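Novice: First the structure, which I've put down as structure tokens, then a few questions once you've had a look.
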Amino acid sequence: MSRLPAGQRHAIGFTLNGKPCGGEAEPRMLLTDFLRHQVGATGTHVGCEHGVCGACTIEIDGKLARACLTLAVQIDGCAVRTVEGLAPAADRLGILQAAFKRNHALQCGFCTAGILMSLDNFLRENSRPSEQEIRDLLTGHLCRCTGYTPIVRAALEAAAEIAGDVSRENSHA
Amino acid sequence: MKPAAFDYVRADHLDEVLDVLGREGGDARIIAGGQSLMPMLNMRLAKPKTLIDIMRLGELARIEREGGNVTIGAGVRQAALLSWPELGEALPLAALALPWTGHAQTRSRGTVCGSIAHADPSAELPLVLCALGGEVHLRNFKRRRRVPAKDFFAGMMATSRADDELIEAVSFPADLNRCAFREVARRHGDFAIVACAAVATKNGVRLAVGGVADMPVVREFPRLEASALDDALNLFAYELDARDDVHASARYRRDLVRMIGADLVREVLS
């Protein structure tokens with residue numbers, strides 16, 4: 001058993017997008033704040049802070065999680081994936097990101113980081129999803145400006161590309 | 001929207017959990033998946049001095065089927081139950097209700113026992129536990145006890161769990177296979193405005209209603225003709241302690257109970 005006292009900062013070691021990472025946090029620090037302010041990974045957005053809006057959705061050990069409903073101290077020893085891990089290189093978009101761009105599936109982009117993480121996780125295990133399955137998944141996110149239609153279209157297009165039904169080589173712009 | 005300060009205890013053995021709960025009682029809270037407790041902490045509706053994390057205890061992460069019961073340990077996440085291969089055959093009511101329990105993004109973390117511990121009156125898993133007549137397995141440092149669902153829930157987010165007790169598991173009877181579930185919510189996965197579960201029994205139907213009163217309400221109905229059933233449901237809906245809130249009026253909730261209730265009773269008896 002380990003007891004981490006309140007008011008003191010404790011070392012946390014984990015992997016972030018495949019690379020070893022670490023930091024210090026008090027027990028009460030949320031993972032959202034830890035990622036943004038201690039690690040400097042500001043791709044994960046902070047919306048409602050009670051698990052409703054989905055903007056802070058990330059992956060912990062391969063499973064989706066709301067970073068705002070997770071304590072930083074809980075991820076010690078875990079593998080964390082955030083939106084920063086989606087692009088294959090600094091100047092290239094991943095398949096899902098490129099589909100979002102083509103389909104105008106984002107305007108302000110506040111909800112986008114979380115939606116991308118949910119879809120990335122879902123498409124890995126569901127290579128040929130139906131529109132209804134995508135819409136069910138998106139009930140866990142709130143978008144207040146784009147509307148869901150182009151998001152659904154982008155998700156289905158990315159799914160087809162990942163499944164090999166469509167090739168868009170050299171069209172990452 | 002940040003939690004107040006607390007000590008964080010990462011337990012490696014069940015004895016440690018029971019020891020800390022025994023010493024600190026109501027000042028300590030168990031955290032499992034955190035999908036109910038973390039919002040309470042963030043909003044400072046709960047300000048425990050100690051949080052005890054039980055998710056590293058492998059012994060609590062088991063789903064066991066024996067003697068006509070399915071027992072689900074405190075570490076079993078909702079997503080794990082939903083993907084349990086025997087779910088549809090052993091607990092069809094849970095299979096119907098779980099897709100309505102939060103979203104994929106919260107079921108991946110939230111636990112079955114955590115939802116029952118939280119006892120939100122509109123939550124699906126407490127409703128299923130009541131509809132099936134399941135039991136909550138409680139344990140403190142010196143004894144274990146099992147509490148039937150009808151005696152466990154005590155009001156809005158209140159239960160008969162003592163401060164030093166851990167919910168070790170919950171168990172559901174696995175032989176109630178004729179069942180139906182329906183929910184009305186503003187957005188799929190949000191808290192229910194009304195959720196109803198119906199289970200066929202030897203003499204008729206057991207109907208459980210969530211989202212209306214301060215805890216799930218269960219009523220047994222004998223086999224009735226159509227008009228007699230409508231009368232009985234009308235009386236049941238009238239007697240429910242329904243409340244107005246920003247999402248729906250008490251009257252609308254009662255209407256939903258009458259309509260959904262009638263549909264579900266006919267569905268399980270057909």
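Chain identifiers are assigned as A, B, and so on, following the order in which chains appear in the structure tokens; residues are numbered from 1 within each chain, and ligands are numbered from 1 in order of appearance.
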Skip Val39 of chain A itself and residues of its chain fewer than 3 positions away, then list as an MDAnalysis selection string all residues within 12 Å of it, counting only C-alpha atoms.
Specialist: chainID A and resid 12:16 20:25 31:36 42:44 72 82
Novice: Residues of the last selection are to be written out with C-alpha atoms, as a PDB file, in the first residue's frame.
Specialist:
ATOM      1  CA  ILE A  12       4.434  10.064 -11.442  1.00  0.00           C
ATOM      2  CA  GLY A  13       5.971   7.969 -14.200  1.00  0.00           C
ATOM      3  CA  PHE A  14       4.069   6.894 -17.309  1.00  0.00           C
ATOM      4  CA  THR A  15       4.383   6.780 -21.075  1.00  0.00           C
ATOM      5  CA  LEU A  16       2.858   9.548 -23.182  1.00  0.00           C
ATOM      6  CA  PRO A  20       8.609   7.788 -21.255  1.00  0.00           C
ATOM      7  CA  CYS A  21       7.266  10.804 -19.395  1.00  0.00           C
ATOM      8  CA  GLY A  22       7.069  11.975 -15.819  1.00  0.00           C
ATOM      9  CA  GLY A  23       6.083  14.784 -13.523  1.00  0.00           C
ATOM     10  CA  GLU A  24       4.932  15.642 -10.035  1.00  0.00           C
ATOM     11  CA  ALA A  25       1.410  16.190  -8.778  1.00  0.00           C
ATOM     12  CA  LEU A  31      -5.051  14.543 -15.190  1.00  0.00           C
ATOM     13  CA  THR A  32      -6.247  17.333 -17.500  1.00  0.00           C
ATOM     14  CA  ASP A  33      -4.324  19.954 -15.517  1.00  0.00           C
ATOM     15  CA  PHE A  34      -1.336  17.662 -15.114  1.00  0.00           C
ATOM     16  CA  LEU A  35      -1.053  17.033 -18.862  1.00  0.00           C
ATOM     17  CA  ARG A  36      -1.527  20.680 -19.762  1.00  0.00           C
ATOM     18  CA  THR A  42      -2.037  21.238 -24.308  1.00  0.00           C
ATOM     19  CA  GLY A  43      -3.768  19.243 -27.045  1.00  0.00           C
ATOM     20  CA  THR A  44      -6.144  17.779 -24.445  1.00  0.00           C
ATOM     21  CA  ALA A  72      -2.857  12.407 -12.198  1.00  0.00           C
ATOM     22  CA  THR A  82      -3.432  11.965 -26.317  1.00  0.00           C
TER      23      THR A  82
END
Novice: Distance table requested - chain A against chain B, cut-off 6 Å, only C-alpha atoms: one row per qualifying residue with the closest atom pair and its distance in Å to one decimal, ordered by chain and rising residue number, as CSV.
Specialist:
residue,atom,partner,partner_atom,distance
A:Met1,CA,B:Ala11,CA,4.7
A:Ser2,CA,B:Arg10,CA,5.3
A:Arg3,CA,B:Val9,CA,4.4
A:Leu4,CA,B:Tyr8,CA,5.0
A:Pro5,CA,B:Asp7,CA,4.5
A:Ala6,CA,B:Asp7,CA,4.5
A:Pro27,CA,B:Tyr8,CA,5.8
A:Arg28,CA,B:Ala5,CA,5.6
A:His50,CA,B:Pro39,CA,4.6
A:Leu64,CA,B:Gln105,CA,5.3
A:Ala65,CA,B:Gln105,CA,5.7
A:Leu69,CA,B:Met38,CA,5.3
A:Gly140,CA,B:His103,CA,5.2
Novice: Those selected residues, please, written with N, CA and C atoms and delivered as a PDB file, in the first residue's frame.
Specialist:
ATOM      1  N   MET A   1       0.856  -1.201   0.000  1.00  0.00           N
ATOM      2  CA  MET A   1       0.000   0.000   0.000  1.00  0.00           C
ATOM      3  C   MET A   1       0.881   1.236   0.000  1.00  0.00           C
ATOM      4  N   SER A   2       0.522   2.209  -0.798  1.00  0.00           N
ATOM      5  CA  SER A   2       1.227   3.474  -0.690  1.00  0.00           C
ATOM      6  C   SER A   2       0.209   4.573  -0.395  1.00  0.00           C
ATOM      7  N   ARG A   3       0.615   5.454   0.527  1.00  0.00           N
ATOM      8  CA  ARG A   3      -0.258   6.567   0.901  1.00  0.00           C
ATOM      9  C   ARG A   3       0.428   7.851   0.471  1.00  0.00           C
ATOM     10  N   LEU A   4      -0.210   8.596  -0.414  1.00  0.00           N
ATOM     11  CA  LEU A   4       0.348   9.852  -0.896  1.00  0.00           C
ATOM     12  C   LEU A   4      -0.346  10.995  -0.158  1.00  0.00           C
ATOM     13  N   PRO A   5       0.353  11.651   0.750  1.00  0.00           N
ATOM     14  CA  PRO A   5      -0.306  12.671   1.579  1.00  0.00           C
ATOM     15  C   PRO A   5      -0.760  13.887   0.769  1.00  0.00           C
ATOM     16  N   ALA A   6      -1.859  14.472   1.232  1.00  0.00           N
ATOM     17  CA  ALA A   6      -2.391  15.703   0.634  1.00  0.00           C
ATOM     18  C   ALA A   6      -1.366  16.818   0.763  1.00  0.00           C
ATOM     19  N   PRO A  27      -2.101  14.805  -4.852  1.00  0.00           N
ATOM     20  CA  PRO A  27      -3.160  13.814  -5.097  1.00  0.00           C
ATOM     21  C   PRO A  27      -4.408  14.417  -5.746  1.00  0.00           C
ATOM     22  N   ARG A  28      -4.734  15.675  -5.425  1.00  0.00           N
ATOM     23  CA  ARG A  28      -5.994  16.225  -5.924  1.00  0.00           C
ATOM     24  C   ARG A  28      -5.889  16.760  -7.354  1.00  0.00           C
ATOM     25  N   HIS A  50     -16.728  17.774 -15.534  1.00  0.00           N
ATOM     26  CA  HIS A  50     -17.459  16.710 -14.829  1.00  0.00           C
ATOM     27  C   HIS A  50     -17.888  15.579 -15.760  1.00  0.00           C
ATOM     28  N   LEU A  64     -10.628   4.236 -23.509  1.00  0.00           N
ATOM     29  CA  LEU A  64     -10.998   5.652 -23.452  1.00  0.00           C
ATOM     30  C   LEU A  64     -11.245   6.098 -22.020  1.00  0.00           C
ATOM     31  N   ALA A  65     -10.885   7.344 -21.748  1.00  0.00           N
ATOM     32  CA  ALA A  65     -11.083   7.893 -20.405  1.00  0.00           C
ATOM     33  C   ALA A  65     -11.265   9.395 -20.502  1.00  0.00           C
ATOM     34  N   LEU A  69     -11.896  13.278 -15.237  1.00  0.00           N
ATOM     35  CA  LEU A  69     -12.416  12.393 -14.183  1.00  0.00           C
ATOM     36  C   LEU A  69     -11.336  11.401 -13.751  1.00  0.00           C
ATOM     37  N   GLY A 140     -21.151  10.658 -26.606  1.00  0.00           N
ATOM     38  CA  GLY A 140     -20.259  10.976 -25.497  1.00  0.00           C
ATOM     39  C   GLY A 140     -19.484  12.274 -25.684  1.00  0.00           C
TER      40      GLY A 140
END
Novice: I'd like to know which of B:Phe236, B:Arg56, B:Thr111, B:Phe153 is closest to Gly77 of chain A, using only C-alpha atoms.
Specialist: B:Arg56
Novice: Find the residues around segment 156-167 of chain A up to 9 Å (only C-alpha atoms counted), leave out those fewer than 3 positions away in its own chain, and share them as a PDB file with C-alpha atoms, in the first residue's frame.
Specialist:
ATOM      1  CA  ILE A  95      -5.949   9.494 -41.835  1.00  0.00           C
ATOM      2  CA  LEU A  96      -8.645  10.528 -39.384  1.00  0.00           C
ATOM      3  CA  GLN A  97      -7.297  14.060 -39.008  1.00  0.00           C
ATOM      4  CA  ALA A  98      -7.064  14.475 -42.795  1.00  0.00           C
ATOM      5  CA  ALA A  99     -10.671  13.281 -43.162  1.00  0.00           C
ATOM      6  CA  PHE A 100     -11.754  15.890 -40.602  1.00  0.00           C
ATOM      7  CA  LEU A 123     -11.995   2.568 -35.528  1.00  0.00           C
ATOM      8  CA  ARG A 124      -9.074   0.447 -34.392  1.00  0.00           C
ATOM      9  CA  ASN A 126     -14.415  -1.552 -35.625  1.00  0.00           C
ATOM     10  CA  SER A 127     -13.035  -1.277 -39.103  1.00  0.00           C
ATOM     11  CA  ARG A 128     -16.418  -1.078 -40.881  1.00  0.00           C
ATOM     12  CA  PRO A 129     -18.699   0.868 -38.545  1.00  0.00           C
ATOM     13  CA  SER A 130     -22.260   1.846 -39.418  1.00  0.00           C
ATOM     14  CA  GLU A 131     -23.377   5.465 -39.251  1.00  0.00           C
ATOM     15  CA  ILE A 134     -20.535   6.363 -35.058  1.00  0.00           C
ATOM     16  CA  ILE A 151     -18.028  14.765 -38.171  1.00  0.00           C
ATOM     17  CA  VAL A 152     -19.956  11.584 -38.961  1.00  0.00           C
ATOM     18  CA  ARG A 153     -19.068  11.925 -42.652  1.00  0.00           C
TER      19      ARG A 153
END
Novice: Neighbours of Thr71 of chain B within 6 Å (only C-alpha atoms; same-chain residues fewer than 3 positions away dropped), as a PDB file with C-alpha atoms, in the first residue's frame?
Specialist:
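The result, stored in result03.pdb:
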ATOM      1  CA  ILE B  63     -17.327 -11.904 -12.785  1.00  0.00           C
ATOM      2  CA  GLU B  64     -18.474 -15.242 -11.352  1.00  0.00           C
ATOM      3  CA  VAL B 170     -23.059  -7.206  -6.194  1.00  0.00           C
ATOM      4  CA  SER B 171     -24.983 -10.283  -7.277  1.00  0.00           C
TER       5      SER B 171
END
Novice: If you run DSSP on the backbone here, which positions in segment 53-150 of chain A get alpha helix (DSSP H)? Please write them as a PyMOL selection string.
Specialist: chain A and resi 95-102+112-125+131-138+149-150
Novice: Dump C-alpha atoms for the selected residues as a PDB file, in the first residue's frame?
Specialist:
ATOM      1  CA  ILE A  95      -5.949   9.494 -41.835  1.00  0.00           C
ATOM      2  CA  LEU A  96      -8.645  10.528 -39.384  1.00  0.00           C
ATOM      3  CA  GLN A  97      -7.297  14.060 -39.008  1.00  0.00           C
ATOM      4  CA  ALA A  98      -7.064  14.475 -42.795  1.00  0.00           C
ATOM      5  CA  ALA A  99     -10.671  13.281 -43.162  1.00  0.00           C
ATOM      6  CA  PHE A 100     -11.754  15.890 -40.602  1.00  0.00           C
ATOM      7  CA  LYS A 101      -9.966  18.589 -42.563  1.00  0.00           C
ATOM      8  CA  ARG A 102     -11.441  17.548 -45.942  1.00  0.00           C
ATOM      9  CA  THR A 112     -12.143  17.998 -31.721  1.00  0.00           C
ATOM     10  CA  ALA A 113      -9.275  16.595 -29.652  1.00  0.00           C
ATOM     11  CA  GLY A 114     -11.638  14.426 -27.628  1.00  0.00           C
ATOM     12  CA  ILE A 115     -13.700  13.346 -30.634  1.00  0.00           C
ATOM     13  CA  LEU A 116     -10.564  12.330 -32.533  1.00  0.00           C
ATOM     14  CA  MET A 117      -9.414  10.204 -29.605  1.00  0.00           C
ATOM     15  CA  SER A 118     -12.781   8.441 -29.320  1.00  0.00           C
ATOM     16  CA  LEU A 119     -12.933   7.754 -33.056  1.00  0.00           C
ATOM     17  CA  ASP A 120      -9.305   6.651 -33.259  1.00  0.00           C
ATOM     18  CA  ASN A 121      -9.917   4.135 -30.456  1.00  0.00           C
ATOM     19  CA  PHE A 122     -13.216   2.941 -31.931  1.00  0.00           C
ATOM     20  CA  LEU A 123     -11.995   2.568 -35.528  1.00  0.00           C
ATOM     21  CA  ARG A 124      -9.074   0.447 -34.392  1.00  0.00           C
ATOM     22  CA  GLU A 125     -11.512  -2.240 -33.252  1.00  0.00           C
ATOM     23  CA  GLU A 131     -23.377   5.465 -39.251  1.00  0.00           C
ATOM     24  CA  GLN A 132     -25.501   4.546 -36.214  1.00  0.00           C
ATOM     25  CA  GLU A 133     -22.466   3.153 -34.377  1.00  0.00           C
ATOM     26  CA  ILE A 134     -20.535   6.363 -35.058  1.00  0.00           C
ATOM     27  CA  ARG A 135     -23.486   8.438 -33.848  1.00  0.00           C
ATOM     28  CA  ASP A 136     -23.770   6.292 -30.690  1.00  0.00           C
ATOM     29  CA  LEU A 137     -20.092   6.874 -29.975  1.00  0.00           C
ATOM     30  CA  LEU A 138     -20.480  10.619 -30.535  1.00  0.00           C
ATOM     31  CA  THR A 149     -23.109  15.715 -39.778  1.00  0.00           C
ATOM     32  CA  PRO A 150     -19.636  16.533 -41.152  1.00  0.00           C
TER      33      PRO A 150
END
Novice: Quick one: everything within 12 Å of Gly67 of chain B, counting only C-alpha atoms, minus sequence neighbours fewer than 6 positions away in the same chain. Send it as a ChimeraX atom specification.
Specialist: /B:90,171-175
Novice: For Leu57 of chain B, which residue among B:Asp120, B:Glu86, B:Glu168, B:Asp151 is the nearest when counting only C-alpha atoms?
Specialist: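 Of B:Asp120, B:Glu86, B:Glu168, B:Asp151, the one nearest Leu57 of chain B is B:Glu168, counting only C-alpha atoms.
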Novice: Excluding same-chain residues fewer than 5 positions from segment 200-206 of chain B, what lies within 9 Å of it counting only C-alpha atoms, as a short mmCIF file (atom, residue, chain, number, x, y, z; two decimals) with C-alpha atoms, in the first residue's frame?
Specialist:
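Saved file out.cif follows:
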data_model
loop_
_atom_site.label_atom_id
_atom_site.label_comp_id
_atom_site.auth_asym_id
_atom_site.auth_seq_id
_atom_site.Cartn_x
_atom_site.Cartn_y
_atom_site.Cartn_z
CA ALA B 131 -35.78 -5.17 -10.81
CA LEU B 132 -33.95 -8.49 -10.53
CA LEU B 176 -35.03 -14.04 -14.89
CA ASN B 177 -34.81 -14.10 -18.64
CA ARG B 178 -38.08 -12.60 -19.82
CA CYS B 179 -37.40 -8.93 -19.44
CA VAL B 218 -40.51 -1.70 -7.67
CA ARG B 219 -44.09 -2.93 -7.96
CA GLU B 220 -45.42 -6.42 -8.68
CA PHE B 221 -48.38 -6.69 -11.04
CA PRO B 222 -50.48 -9.85 -11.51
CA ARG B 223 -51.58 -10.83 -15.01
CA LEU B 224 -54.32 -8.32 -15.85
CA VAL B 265 -45.56 -5.30 -19.22
CA VAL B 268 -42.66 -9.50 -21.25
CA LEU B 269 -46.03 -11.26 -21.01
#
Novice: Return as JSON, numbers by chain the full set of residues in segment 1-154 of chain B whose backbone-based DSSP assignment is strand (DSSP E or B).
Specialist: {"B": [7, 8, 9, 10, 28, 29, 30, 31, 50, 51, 52, 53, 63, 64, 65, 66, 69, 70, 71, 72, 73, 77, 111, 135, 136, 137, 138, 139, 144, 145, 146, 147, 148, 153, 154]}
Novice: For the selection you just gave me, I'd like the residues written to a file as a PDB file, in the first residue's frame, keeping C-alpha atoms.
Specialist:
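The result, written out as selection18.pdb:
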ATOM      1  CA  ASP B   7      -4.643  11.778   0.900  1.00  0.00           C
ATOM      2  CA  TYR B   8      -4.550   9.184  -1.876  1.00  0.00           C
ATOM      3  CA  VAL B   9      -4.145   5.553  -0.836  1.00  0.00           C
ATOM      4  CA  ARG B  10      -3.232   3.028  -3.503  1.00  0.00           C
ATOM      5  CA  ALA B  28     -12.527   8.017   3.592  1.00  0.00           C
ATOM      6  CA  ARG B  29     -14.108   7.203   0.249  1.00  0.00           C
ATOM      7  CA  ILE B  30     -13.439   4.335  -2.127  1.00  0.00           C
ATOM      8  CA  ILE B  31     -12.510   5.321  -5.662  1.00  0.00           C
ATOM      9  CA  THR B  50      -8.771  10.111   2.117  1.00  0.00           C
ATOM     10  CA  LEU B  51      -9.398   8.386  -1.205  1.00  0.00           C
ATOM     11  CA  ILE B  52      -8.738   4.652  -1.370  1.00  0.00           C
ATOM     12  CA  ASP B  53      -8.071   3.401  -4.894  1.00  0.00           C
ATOM     13  CA  ILE B  63     -17.327 -11.904 -12.785  1.00  0.00           C
ATOM     14  CA  GLU B  64     -18.474 -15.242 -11.352  1.00  0.00           C
ATOM     15  CA  ARG B  65     -21.499 -17.345 -12.184  1.00  0.00           C
ATOM     16  CA  GLU B  66     -22.588 -19.927  -9.634  1.00  0.00           C
ATOM     17  CA  ASN B  69     -26.357 -15.954  -9.491  1.00  0.00           C
ATOM     18  CA  VAL B  70     -23.900 -13.712 -11.281  1.00  0.00           C
ATOM     19  CA  THR B  71     -21.547 -11.997  -8.852  1.00  0.00           C
ATOM     20  CA  ILE B  72     -19.704  -8.936 -10.067  1.00  0.00           C
ATOM     21  CA  GLY B  73     -16.709  -7.695  -8.093  1.00  0.00           C
ATOM     22  CA  ARG B  77     -15.827  -2.001 -15.203  1.00  0.00           C
ATOM     23  CA  THR B 111     -17.584   0.175 -12.487  1.00  0.00           C
ATOM     24  CA  GLU B 135     -27.951  -8.280  -3.397  1.00  0.00           C
ATOM     25  CA  VAL B 136     -25.094  -6.004  -2.355  1.00  0.00           C
ATOM     26  CA  HIS B 137     -22.139  -7.746  -0.673  1.00  0.00           C
ATOM     27  CA  LEU B 138     -20.727  -5.523   2.052  1.00  0.00           C
ATOM     28  CA  ARG B 139     -17.636  -6.135   4.096  1.00  0.00           C
ATOM     29  CA  ARG B 144     -19.447  -9.642   5.800  1.00  0.00           C
ATOM     30  CA  ARG B 145     -23.131  -9.136   5.129  1.00  0.00           C
ATOM     31  CA  ARG B 146     -25.450  -9.241   2.142  1.00  0.00           C
ATOM     32  CA  VAL B 147     -28.178  -6.663   1.759  1.00  0.00           C
ATOM     33  CA  PRO B 148     -31.099  -7.151  -0.664  1.00  0.00           C
ATOM     34  CA  PHE B 153     -31.134   2.032  -1.403  1.00  0.00           C
ATOM     35  CA  ALA B 154     -32.242   4.565   1.186  1.00  0.00           C
TER      36      ALA B 154
END
Novice: Can you tell me, as a list in words, what residues are no more than 8 Å from Pro121 of chain B when counting only C-alpha atoms, ignoring any on the same chain fewer than 6 positions away?
Specialist: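 Listed by chain and then number, they are Gly155, Met156, Met157, Gly210, Gly211, Val212, Ala213, Asp214, Met215 and Pro216 of chain B.
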Novice: Pick the closest to Pro88 of chain A from A:Thr139, A:Asn17, A:Gln8, A:Asn103: which is it, counting only C-alpha atoms?
Specialist: A:Asn17
Novice: If I take atom CA of Tyr252 of chain B and atom CA of Asp231 of chain B, how far is one from the other in Å, to one decimal?
Specialist: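 About the pair atom CA of Tyr252 of chain B and atom CA of Asp231 of chain B: they are 17.5 Å apart.
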Novice: Considering only C-alpha atoms, state which residue in the set A:Asp61, A:Gly18, A:Cys111, A:Ala55 is at the smallest distance from Leu86 of chain A.
Specialist: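 For Leu86 of chain A, the nearest of the candidates is A:Gly18.
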Novice: Rounded to one decimal, what separation in Å do you get between atom CA of Ala208 of chain B and atom CA of Arg161 of chain B?
Specialist: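 Between atom CA of Ala208 of chain B and atom CA of Arg161 of chain B the gap works out to 21.8 Å.
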Novice: Would you mind reading off the distance between atom CA of Thr159 of chain B and atom CA of Ile260 of chain B, one decimal, in Å?
Specialist: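 Atom CA of Ile260 of chain B lies 27.2 Å from atom CA of Thr159 of chain B.
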